[in-house]
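Participant: Just model07.cif, nothing more (mmCIF, C-alpha atoms and all ligand atoms):
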```cif
data_structure
loop_
_atom_site.label_atom_id
_atom_site.label_comp_id
_atom_site.auth_asym_id
_atom_site.auth_seq_id
_atom_site.Cartn_x
_atom_site.Cartn_y
_atom_site.Cartn_z
CA MET A 12 -1.55 26.12 24.97
CA PRO A 13 -1.77 26.27 21.16
CA LEU A 14 -2.96 23.24 19.19
CA VAL A 15 -0.22 20.60 19.22
CA SER A 16 0.97 18.13 16.62
CA MET A 17 -0.54 14.66 16.68
CA ARG A 18 2.92 13.18 16.36
CA GLN A 19 3.74 14.56 19.78
CA LEU A 20 0.65 13.05 21.43
CA LEU A 21 1.16 9.68 19.76
CA ASP A 22 4.87 9.57 20.63
CA GLU A 23 3.89 10.25 24.26
CA ALA A 24 1.19 7.57 24.07
CA ALA A 25 3.72 5.06 22.73
CA LYS A 26 6.09 5.90 25.58
CA GLY A 27 3.30 5.52 28.13
CA GLY A 28 1.74 2.44 26.47
CA TYR A 29 -1.71 3.97 26.06
CA GLY A 30 -4.07 4.96 23.25
CA VAL A 31 -5.76 8.26 22.43
CA GLY A 32 -9.38 8.43 21.28
CA ALA A 33 -10.00 10.58 18.20
CA PHE A 34 -13.53 11.88 18.33
CA ASN A 35 -15.39 13.42 15.38
CA VAL A 36 -17.00 16.84 15.70
CA ASN A 37 -19.37 18.95 13.65
CA ASN A 38 -20.63 21.55 16.11
CA MET A 39 -20.12 23.37 19.39
CA GLU A 40 -21.86 20.85 21.63
CA GLN A 41 -19.69 17.98 20.39
CA ILE A 42 -16.49 19.97 20.97
CA GLN A 43 -17.72 20.94 24.43
CA ALA A 44 -18.58 17.32 25.26
CA ILE A 45 -15.07 16.14 24.36
CA MET A 46 -13.39 18.99 26.21
CA GLU A 47 -15.50 18.46 29.33
CA ALA A 48 -14.63 14.75 29.30
CA ALA A 49 -10.96 15.62 28.77
CA THR A 50 -10.81 18.10 31.62
CA GLU A 51 -12.62 15.73 33.98
CA THR A 52 -10.15 12.94 33.15
CA GLN A 53 -7.10 15.16 32.46
CA SER A 54 -6.68 13.60 29.04
CA PRO A 55 -4.79 14.73 25.94
CA VAL A 56 -7.29 15.20 23.13
CA ILE A 57 -7.59 14.48 19.41
CA VAL A 58 -10.54 16.25 17.82
CA GLN A 59 -11.17 15.30 14.21
CA ALA A 60 -13.26 16.78 11.44
CA SER A 61 -14.35 14.98 8.30
CA ARG A 62 -14.84 16.79 5.01
CA GLY A 63 -18.56 16.67 5.76
CA ALA A 64 -17.97 18.30 9.15
CA ARG A 65 -15.87 21.04 7.62
CA SER A 66 -18.53 21.77 5.06
CA TYR A 67 -21.37 21.62 7.64
CA SER A 68 -19.57 24.10 9.88
CA GLN A 69 -18.36 26.29 7.00
CA ASP A 70 -14.80 25.51 8.14
CA ARG A 71 -14.25 28.76 9.99
CA PHE A 72 -16.91 28.13 12.65
CA LEU A 73 -15.30 24.82 13.49
CA TYR A 74 -11.79 26.26 13.48
CA HIS A 75 -12.69 29.10 15.83
CA LEU A 76 -14.56 26.74 18.15
CA MET A 77 -11.32 24.79 18.40
CA ILE A 78 -9.41 27.95 19.21
CA ALA A 79 -12.00 28.59 21.93
CA ALA A 80 -11.23 25.12 23.28
CA THR A 81 -7.53 25.98 23.58
CA GLU A 82 -8.40 29.23 25.38
CA ILE A 83 -10.83 27.65 27.82
CA TYR A 84 -8.62 24.61 28.52
CA PRO A 85 -5.05 26.00 28.22
CA GLU A 86 -3.64 23.12 30.28
CA LEU A 87 -4.83 20.40 27.88
CA PRO A 88 -2.87 19.37 24.76
CA ILE A 89 -5.31 19.36 21.83
CA VAL A 90 -4.82 18.14 18.25
CA LEU A 91 -7.06 19.23 15.38
CA HIS A 92 -7.02 16.46 12.79
CA GLN A 93 -8.48 16.15 9.28
CA ASP A 94 -10.32 12.82 9.16
CA HIS A 95 -10.29 10.92 5.83
CA GLY A 96 -8.79 13.59 3.59
CA ASN A 97 -9.74 12.40 0.11
CA SER A 98 -7.16 14.39 -1.86
CA VAL A 99 -4.00 16.42 -1.59
CA ALA A 100 -6.14 19.57 -1.96
CA THR A 101 -8.33 18.66 1.03
CA CYS A 102 -5.28 18.05 3.20
CA LYS A 103 -3.62 21.24 1.97
CA SER A 104 -6.68 23.32 2.83
CA ALA A 105 -6.72 21.82 6.33
CA ILE A 106 -3.02 22.59 6.83
CA ASP A 107 -3.51 26.13 5.53
CA MET A 108 -6.32 26.67 8.01
CA GLY A 109 -4.28 25.50 11.02
CA PHE A 110 -5.05 21.79 11.47
CA THR A 111 -2.08 20.17 13.23
CA SER A 112 -2.62 16.75 11.70
CA VAL A 113 -4.13 15.36 8.49
CA MET A 114 -5.17 11.99 7.22
CA MET A 115 -4.52 11.40 3.54
CA ASP A 116 -6.78 8.44 2.87
CA GLY A 117 -5.31 7.32 -0.42
CA SER A 118 -6.54 3.77 0.12
CA LEU A 119 -9.64 5.00 -1.71
CA MET A 120 -9.95 7.18 -4.76
CA GLU A 121 -11.16 10.77 -4.38
CA ASP A 122 -14.81 9.56 -4.27
CA GLY A 123 -14.09 7.96 -0.87
CA LYS A 124 -15.50 4.63 -2.05
CA THR A 125 -13.40 3.07 -4.80
CA PRO A 126 -10.32 1.15 -3.64
CA SER A 127 -7.20 2.65 -5.22
CA SER A 128 -3.93 1.09 -6.37
CA PHE A 129 -0.90 0.91 -4.10
CA GLU A 130 0.98 3.24 -6.47
CA TYR A 131 -1.76 5.90 -6.34
CA ASN A 132 -1.89 5.65 -2.56
CA VAL A 133 1.88 6.09 -2.23
CA LYS A 134 1.91 9.01 -4.66
CA VAL A 135 -0.79 11.13 -3.00
CA THR A 136 0.30 10.28 0.53
CA ARG A 137 3.92 11.11 -0.22
CA GLU A 138 2.83 14.46 -1.62
CA VAL A 139 0.88 15.26 1.55
CA VAL A 140 3.79 14.16 3.76
CA GLU A 141 6.05 16.62 1.96
CA LEU A 142 3.79 19.61 2.38
CA ALA A 143 2.63 18.70 5.90
CA HIS A 144 6.02 17.94 7.38
CA ALA A 145 7.40 21.21 6.02
CA LYS A 146 4.98 22.85 8.50
CA GLY A 147 5.41 20.32 11.29
CA VAL A 148 1.96 18.85 10.69
CA THR A 149 1.46 15.12 11.31
CA VAL A 150 0.30 12.73 8.58
CA GLU A 151 -1.81 9.61 8.92
CA GLY A 152 -2.07 7.30 5.91
CA GLU A 153 -4.18 4.23 5.31
CA ILE A 154 -3.33 0.92 3.73
CA GLY A 155 -6.10 -1.63 3.17
CA CYS A 156 -9.72 -0.39 3.18
CA LEU A 157 -12.38 -0.32 5.83
CA GLY A 158 -15.82 -1.72 5.16
CA GLY A 159 -19.15 0.10 5.41
CA ILE A 160 -20.40 2.97 3.31
CA GLU A 161 -23.24 4.29 5.36
CA ASP A 162 -21.35 7.41 6.42
CA GLY A 163 -19.70 7.95 3.09
CA HIS A 164 -16.20 6.57 3.72
CA GLY A 165 -15.33 2.99 2.98
CA ALA A 166 -15.19 0.34 0.36
CA GLY A 167 -18.52 -1.20 1.37
CA GLY A 168 -18.93 -4.81 2.49
CA ASP A 169 -18.13 -6.21 5.89
CA GLY A 170 -14.61 -4.90 6.30
CA LEU A 171 -12.96 -8.23 5.53
CA GLU A 172 -12.56 -7.71 1.79
CA HIS A 173 -9.57 -5.35 1.76
CA LEU A 174 -7.55 -6.29 4.82
CA THR A 175 -4.10 -4.79 5.21
CA ASP A 176 -1.23 -6.87 3.88
CA PRO A 177 1.71 -6.52 6.32
CA ASP A 178 4.31 -6.54 3.49
CA GLN A 179 2.48 -3.67 1.78
CA ALA A 180 2.21 -1.80 5.07
CA VAL A 181 5.99 -1.95 5.53
CA GLU A 182 6.62 -0.82 1.95
CA PHE A 183 4.01 1.95 2.24
CA VAL A 184 5.60 3.45 5.37
CA LYS A 185 9.05 3.23 3.79
CA GLN A 186 7.94 4.98 0.62
CA THR A 187 5.74 7.68 2.21
CA GLY A 188 7.23 8.54 5.61
CA VAL A 189 3.82 8.75 7.34
CA ASP A 190 3.74 9.24 11.11
CA ALA A 191 0.67 7.09 11.70
CA LEU A 192 -0.90 4.27 9.75
CA ALA A 193 -4.56 3.26 9.66
CA ILE A 194 -4.90 -0.45 9.00
CA ALA A 195 -7.85 -2.59 7.98
CA ILE A 196 -8.33 -5.56 10.31
CA GLY A 197 -12.05 -6.13 9.85
CA THR A 198 -13.66 -2.99 11.24
CA SER A 199 -16.05 -0.76 9.29
CA HIS A 200 -17.56 2.66 9.75
CA GLY A 201 -21.06 3.19 11.11
CA ALA A 202 -23.42 1.30 13.40
CA TYR A 203 -23.72 -1.96 11.44
CA LYS A 204 -20.34 -3.57 11.89
CA PHE A 205 -21.19 -7.14 12.94
CA SER A 206 -24.46 -9.05 12.82
CA SER A 207 -23.56 -11.18 15.84
CA LYS A 208 -21.46 -10.66 18.93
CA PRO A 209 -17.80 -10.57 17.82
CA THR A 210 -15.56 -13.29 19.20
CA GLY A 211 -11.81 -13.04 19.70
CA GLU A 212 -11.49 -14.28 16.08
CA THR A 213 -13.65 -11.63 14.41
CA LEU A 214 -11.01 -8.92 14.16
CA LYS A 215 -7.71 -9.88 12.58
CA MET A 216 -5.59 -9.10 15.61
CA GLU A 217 -2.80 -11.39 14.45
CA THR A 218 -2.38 -9.14 11.38
CA LEU A 219 -2.22 -6.09 13.61
CA ILE A 220 0.43 -7.75 15.77
CA GLN A 221 2.47 -8.72 12.71
CA ILE A 222 2.34 -5.14 11.39
CA HIS A 223 3.35 -3.72 14.76
CA ASN A 224 6.28 -6.14 15.05
CA ARG A 225 7.52 -5.08 11.64
CA LEU A 226 6.83 -1.35 12.09
CA PRO A 227 7.49 -0.73 15.79
CA GLY A 228 8.13 2.99 15.18
CA THR A 229 4.85 3.67 13.32
CA HIS A 230 1.76 4.58 15.31
CA LEU A 231 -1.14 2.33 14.32
CA VAL A 232 -4.66 3.72 13.98
CA MET A 233 -7.92 1.82 14.38
CA HIS A 234 -10.80 3.34 12.44
CA GLY A 235 -14.37 2.14 12.81
CA SER A 236 -13.80 1.59 16.52
CA SER A 237 -17.20 2.42 17.94
CA SER A 238 -18.50 -0.24 20.30
CA VAL A 239 -22.17 0.42 19.40
CA PRO A 240 -23.25 -0.27 23.00
CA LYS A 241 -26.51 -2.10 23.55
CA ASP A 242 -27.71 0.48 26.10
CA LEU A 243 -27.41 3.27 23.52
CA GLN A 244 -29.23 1.15 20.91
CA ASP A 245 -31.96 0.49 23.48
CA ILE A 246 -32.47 4.17 24.36
CA ILE A 247 -32.82 5.09 20.70
CA ASN A 248 -35.29 2.28 20.04
CA GLN A 249 -37.22 2.84 23.28
CA TYR A 250 -37.98 6.39 22.19
CA GLY A 251 -39.13 5.71 18.65
CA GLY A 252 -35.90 4.89 16.83
CA LYS A 253 -35.58 1.93 14.49
CA LEU A 254 -32.08 0.51 14.79
CA LYS A 255 -31.66 -3.10 13.76
CA PRO A 256 -29.77 -5.36 16.19
CA THR A 257 -26.05 -4.82 15.71
CA TRP A 258 -22.65 -5.22 17.36
CA GLY A 259 -19.58 -3.01 17.38
CA VAL A 260 -15.94 -3.38 18.39
CA PRO A 261 -15.59 -4.55 22.01
CA VAL A 262 -13.52 -2.16 24.11
CA GLU A 263 -11.39 -5.15 25.23
CA GLU A 264 -10.34 -5.75 21.61
CA ILE A 265 -9.25 -2.11 21.35
CA GLN A 266 -7.29 -2.54 24.58
CA LEU A 267 -5.56 -5.56 23.05
CA GLY A 268 -4.75 -3.37 20.04
CA ILE A 269 -3.31 -0.71 22.35
CA LYS A 270 -0.99 -3.34 23.86
CA ASN A 271 0.20 -3.96 20.28
CA GLY A 272 0.95 -0.52 18.87
CA VAL A 273 -2.50 1.08 18.38
CA ARG A 274 -2.15 4.71 19.50
CA LYS A 275 -5.16 6.44 17.87
CA ILE A 276 -8.69 5.07 18.07
CA ASN A 277 -11.42 6.66 15.93
CA VAL A 278 -14.87 6.92 17.47
CA ASP A 279 -17.81 8.74 15.94
CA THR A 280 -20.86 6.45 15.80
CA ASP A 281 -21.07 5.89 19.59
CA ASN A 282 -21.24 9.64 20.12
CA ARG A 283 -23.85 10.06 17.40
CA MET A 284 -25.92 7.38 19.09
CA ALA A 285 -25.57 8.96 22.54
CA ILE A 286 -26.72 12.32 21.19
CA THR A 287 -29.64 10.86 19.26
CA GLY A 288 -30.84 8.77 22.20
CA ALA A 289 -30.77 11.75 24.57
CA ILE A 290 -32.65 13.99 22.15
CA ARG A 291 -35.26 11.33 21.40
CA LYS A 292 -35.83 10.85 25.13
CA VAL A 293 -36.57 14.55 25.68
CA PHE A 294 -38.83 14.71 22.64
CA ALA A 295 -40.77 11.63 23.79
CA GLU A 296 -41.01 12.53 27.48
CA ALA A 297 -41.55 16.29 27.17
CA PRO A 298 -43.14 16.97 23.78
CA GLU A 299 -44.13 20.43 24.97
CA LYS A 300 -40.50 21.59 25.00
CA PHE A 301 -39.12 23.61 22.13
CA ASP A 302 -36.04 25.38 23.53
CA PRO A 303 -33.07 23.65 21.82
CA ARG A 304 -31.08 23.89 25.05
CA ASP A 305 -33.57 21.53 26.69
CA TYR A 306 -32.42 18.71 24.44
CA LEU A 307 -28.93 19.82 23.44
CA LYS A 308 -27.74 19.89 27.05
CA PRO A 309 -28.71 16.25 27.71
CA ALA A 310 -27.28 15.37 24.30
CA ARG A 311 -23.96 17.01 25.22
CA ASP A 312 -23.96 15.22 28.59
CA ALA A 313 -24.60 11.88 26.92
CA MET A 314 -21.69 12.37 24.52
CA ARG A 315 -19.45 13.53 27.35
CA ALA A 316 -20.18 10.28 29.22
CA VAL A 317 -19.18 8.18 26.18
CA CYS A 318 -15.95 10.18 25.64
CA LYS A 319 -15.08 9.96 29.31
CA ALA A 320 -15.56 6.19 29.39
CA ARG A 321 -13.39 5.76 26.28
CA MET A 322 -10.65 8.08 27.61
CA VAL A 323 -10.43 5.97 30.75
CA ALA A 324 -10.55 2.67 28.84
CA PHE A 325 -7.88 3.74 26.33
CA GLY A 326 -5.52 4.84 29.14
CA GLN A 327 -5.18 8.49 28.12
CA ALA A 328 -6.86 9.67 31.34
CA GLY A 329 -4.39 11.34 33.68
CA GLN A 330 -1.75 11.85 30.96
CA ALA A 331 -2.38 15.50 29.96
CA GLY A 332 -0.17 17.07 32.63
CA LYS A 333 2.84 15.02 31.52
CA ILE A 334 2.87 16.62 28.06
CA LYS A 335 4.85 19.82 27.52
CA PRO A 336 3.81 21.37 24.21
CA VAL A 337 6.32 21.39 21.36
CA SER A 338 5.45 23.77 18.54
CA CYS A 339 4.73 22.58 15.00
CA ARG A 340 7.62 24.81 13.92
CA GLU A 341 9.98 22.70 16.02
CA TYR A 342 8.49 19.58 14.48
CA ALA A 343 9.08 21.03 11.03
CA ARG A 344 12.73 21.50 11.90
CA ALA A 345 12.94 17.96 13.27
CA TYR A 346 11.35 16.49 10.11
CA GLN A 347 13.86 18.41 8.00
CA SER A 348 16.81 16.98 9.83
O1 LIG B 401 -15.40 8.04 9.15
C1 LIG B 401 -16.13 8.96 9.14
C2 LIG B 401 -16.72 9.65 10.30
O2 LIG B 401 -17.63 8.85 10.97
C3 LIG B 401 -17.28 10.97 9.86
O3 LIG B 401 -18.38 10.80 9.06
O4 LIG B 401 -18.25 12.05 6.90
O5 LIG B 401 -20.43 11.60 8.00
O6 LIG B 401 -18.84 13.28 8.96
P1 LIG B 401 -19.00 12.01 8.17
P1 LIG B 402 -17.12 4.63 13.84
O1 LIG B 402 -18.15 4.74 12.78
O2 LIG B 402 -16.93 3.21 14.29
O3 LIG B 402 -17.36 5.52 15.00
O4 LIG B 402 -15.72 5.05 13.20
C1 LIG B 402 -15.39 6.40 13.04
C2 LIG B 402 -14.17 6.60 12.22
O5 LIG B 402 -13.42 5.70 11.91
C3 LIG B 402 -13.91 7.97 11.76
O6 LIG B 402 -12.82 8.06 10.92
ZN ZN B 403 -12.51 6.34 9.67
#
```
Can you turn what I pasted into structure tokens?
Ligand code: G3H
Ligand code: 13P
Ligand code: ZN

Facilitator:
Amino acid sequence: MPLVSMRQLLDEAAKGGYGVGAFNVNNMEQIQAIMEAATETQSPVIVQASRGARSYSQDRFLYHLMIAATEIYPELPIVLHQDHGNSVATCKSAIDMGFTSVMMDGSLMEDGKTPSSFEYNVKVTREVVELAHAKGVTVEGEIGCLGGIEDGHGAGGDGLEHLTDPDQAVEFVKQTGVDALAIAIGTSHGAYKFSSKPTGETLKMETLIQIHNRLPGTHLVMHGSSSVPKDLQDIINQYGGKLKPTWGVPVEEIQLGIKNGVRKINVDTDNRMAITGAIRKVFAEAPEKFDPRDYLKPARDAMRAVCKARMVAFGQAGQAGKIKPVSCREYARAYQS
């Protein structure tokens, strides 16, 4: 089936009470890992590309790899989503290329670091909603800012400095018409989220619940949702890596979020760690090897295992067959009316 709109997958997820993992990709092996996990679990899929990923893959390579995914797995509904679009132009270029969903991250200025004003955020997001919805493409906005800057997106700090204000969230959705809303409840991008094991108090779940109660029809998105598992940290460090002790978002907290309106869960770091650990292991144990397939295959397998575990934990496993594709054109018509 052709790429589908994210709105469709998230509406289905809301009906079924589950969440959908959104996994970042930059290359063929990462796309293959996600698709293998999805076919093994019969999951609907959200594949997302950052600006960095689009530039790394020269855009067209990534796009055509995604088309290959739809050809090889015609029975699986797949969304291609722009992660952290930093401007209207970035989102427009994604829509023009065939992405079926875009994030306009107007919570930050175009540099991806400086927190913006509410008015700026509304203005750029509204503009993207207009041009995206005219083509049936889904829009995710963000209100509040995530912490962390190590991967280039985020306001820095520990993620608690720019938490989402529920009143602003309600006003933002009203003024922009976004389909999905990323909220800041204490998560941050990258591996260094928490310096001790998070307790039930670490993430601001009560804020999430308040937002969901006031915006029951808006799909909530959790960014910075890697769990940074200890076993992946250990593999990296065992084979020469130098990660400092760190903690991520417990899967149980994400599951609590899913019970309270979270429909899209962004995961990148865990997959990066799985890939790095697997490659380091081959390099350390078989230094005579130099065929990239000897380390890229285990790397792909390691990422597949992470994706599979998340797909099962988020509840999207087994849901693919229930989704009958609706074209973006039909969505465009629906948005118009
Ligand atoms: O939130 C960002 C994702 O982890 C992608 O990061 O910009 O380094 O590709 P990137
Ligand atoms: P992690 O760094 O926790 O994987 O978050 C990724 C993300 O939010 C991408 O938008
Ligand atoms: Zn993010």

Participant: Report the closest atom pair, with its distance in Å rounded to one decimal, for each residue of region 45-67 of chain A that has an atom no farther than 10 Å from region 96-106 of chain A; count only C-alpha atoms, sort by chain and then rising residue number, and write it as CSV.

Facilitator:
```
residue,atom,partner,partner_atom,distance
A:Ala60,CA,A:Gly96,CA,9.6
A:Ser61,CA,A:Gly96,CA,7.4
A:Arg62,CA,A:Gly96,CA,7.0
A:Arg65,CA,A:Ala105,CA,9.3
```

Participant: Would you mind exporting the chosen residues as a PDB file, in the coordinates of the input, restricted to C-alpha atoms?

Facilitator:
```pdb
ATOM      1  CA  ALA A  60     -13.260  16.780  11.440  1.00  0.00           C
ATOM      2  CA  SER A  61     -14.350  14.980   8.300  1.00  0.00           C
ATOM      3  CA  ARG A  62     -14.840  16.790   5.010  1.00  0.00           C
ATOM      4  CA  ARG A  65     -15.870  21.040   7.620  1.00  0.00           C
TER       5      ARG A  65
END
```

Participant: Mind listing the residues within 10 Å of ligand ZN 403 (chain B), all atoms listed in the file counted, as a list in words?

Facilitator: Ala33, Asn35, Ser61, Asp94, His95, Met114, Asp116, Glu153, Cys156, Leu157, Gly158, Asp162, Gly163, His164, Gly165, Ala193, Thr198, Ser199, His200, Gly201, Val232, Met233, His234, Gly235, Ser236, Ile276, Asn277, Val278 and Asp279 of chain A

Participant: Find the distance between CA of Lys255 (chain A) and CA of Gly155 (chain A) and write it in Å to one decimal.

Facilitator: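 Spanning CA of Lys255 (chain A) to CA of Gly155 (chain A) is a straight-line distance of 27.7 Å.
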
Participant: Grab the CA of Ile83 (chain A) to CA of Phe110 (chain A) distance for me, in Å with one decimal place.

Facilitator: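 Here the two named atoms are 18.3 Å from each other.
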
Participant: Draw an axis-aligned box over all listed atoms of region 281-300 of chain A, pad each side with 5 Å, and write its centre and edge lengths in Å, one decimal, as JSON.

Facilitator:
```
{"center_x": -32.6, "center_y": 13.7, "center_z": 22.4, "size_x": 33.1, "size_y": 25.7, "size_z": 20.1}
```

Participant: Name the closest residue to Thr210 (chain A) among the candidates A:Thr229, A:His92, A:Glu264, A:Ile247; distances are taken between atoms, counting all atoms listed in the file.

Facilitator: A:Glu264

Participant: Nearest residue to ligand LIG 401 (chain B) out of A:Val239, A:Gly123, A:Leu87, A:Met17, using only C-alpha atoms and all ligand atoms?

Facilitator: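 Looking only at the distances to ligand LIG 401 (chain B), the closest residue turns out to be A:Gly123.
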
Participant: For CA of Ser118 (chain A) and CA of Pro88 (chain A), quote the distance in Å rounded to one decimal.

Facilitator: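 Answer for the CA of Ser118 (chain A) to CA of Pro88 (chain A) separation: 29.4 Å.
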
Participant: What's the 10 Å shell around Val262 (chain A), counting all atoms listed in the file, without same-chain residues fewer than 4 positions away, as JSON, numbers by chain?

Facilitator: {"A": [236, 237, 238, 240, 266, 267, 268, 321, 324, 325]}

Participant: Which one is closest to ligand LIG 401 (chain B): A:Ala345, A:Met12, A:Val135, A:Met284? Count only C-alpha atoms and all ligand atoms.

Facilitator: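 Result for the nearest residue to ligand LIG 401 (chain B): A:Met284.
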